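Visitor: First the structure, which I've put down as structure tokens, then a few questions once you've had a look.
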Amino acid sequence: MNATTTTATAPPRVVLPAPGRDRFRPASVRGGGGSRGGSDGWSELVDSVKEAGGYPTSAQAERVTRIVLAALGGHLTGDERVDLVRALPEEAARVVASQIPVTRPQSAREFVETVAARIGDATPATARWDVSSVLGVLPTLAGEQLTDRILHQLPPGYALLFGRAELAPRA
């Protein structure tokens, strides 16, 4: 009889960063060698949306995150789209990058209405909350400069959805 021994190994230890503004710094800035954070980055993003929106479950926050990022992905083109995809965790980047660009830019109100329709049971007020909960965490991921460039590409009115004031008309 041949006795075989199996050695159990402990699962790898995962260390999550403490909450704060640097939580979503790209891995290349954190010293992680250019990875976008993989599934851990996605989990952190969903957790931040869950916290920002006060969602009772991670599943609800994940659903809203996917819907809003998909809607946003259709409205971004060029360098801003490419740079945002690079800044996002891998799963979020796929959601944005897989969208076909829209043929007509939507106003911020129309954008929220589109998200409400995708969510299904949302009112304009709850959809605005959902949109702001997701877009409000993007500046932490993308950085202020990229967020400025994204806002300049979008029609007026989106700044509030990103948690910013839009006090003056654009030049």
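How things are named: the first chain in the structure tokens is A, the next is B, and so on; residues count from 1 in each chain; ligands count from 1 in the order shown.
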Please identify all polymer residues within 6 Å of stretch 64-77 of chain A, counting only C-alpha atoms, omitting same-chain residues fewer than 3 positions from it, and present them as a ChimeraX atom specification.
Guide: /A:61,81,95-96,99-102,131,134
Visitor: Would you please give, as a PyMOL selection string, all residues of stretch 38-170 of chain A that DSSP assigns to alpha helix (DSSP H) based on the backbone?
Guide: chain A and resi 38-53+58-73+78-87+90-97+108-119+124-135+138-142+144-153
Visitor: I want to know what sits within 10 Å of A:Gln60, based on only C-alpha atoms, with residues of the same chain fewer than 5 positions away left out; could you give that as a list of chain:residue names?
Guide: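 The contact residues come out as A:Val46, A:Val49, A:Lys50, A:Tyr55, A:Thr65.
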Visitor: Put those residues in a file: C-alpha atoms, as an mmCIF file, in the first residue's frame.
Guide:
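Produced file selection_19.cif, reproduced below:
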data_model
loop_
_atom_site.group_PDB
_atom_site.id
_atom_site.type_symbol
_atom_site.label_atom_id
_atom_site.label_comp_id
_atom_site.auth_asym_id
_atom_site.auth_seq_id
_atom_site.Cartn_x
_atom_site.Cartn_y
_atom_site.Cartn_z
ATOM 1 C CA VAL A 46 -17.484 48.147 -5.412
ATOM 2 C CA VAL A 49 -19.499 52.644 -4.253
ATOM 3 C CA LYS A 50 -21.353 50.651 -1.592
ATOM 4 C CA TYR A 55 -26.154 50.292 -0.500
ATOM 5 C CA THR A 65 -21.392 50.172 -10.739
#
Visitor: Enter the distance from atom CA of A:Arg149 to atom CA of A:Gly41, in Å, rounded to one decimal.
Guide: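 Between atom CA of A:Arg149 and atom CA of A:Gly41 the gap works out to 23.0 Å.
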Visitor: Nearest residue to A:Gly78 out of A:Gly157, A:Val112, A:Ala97, A:Gly54, using only C-alpha atoms?
Guide: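 Closest residue, counting only C-alpha atoms: A:Ala97.
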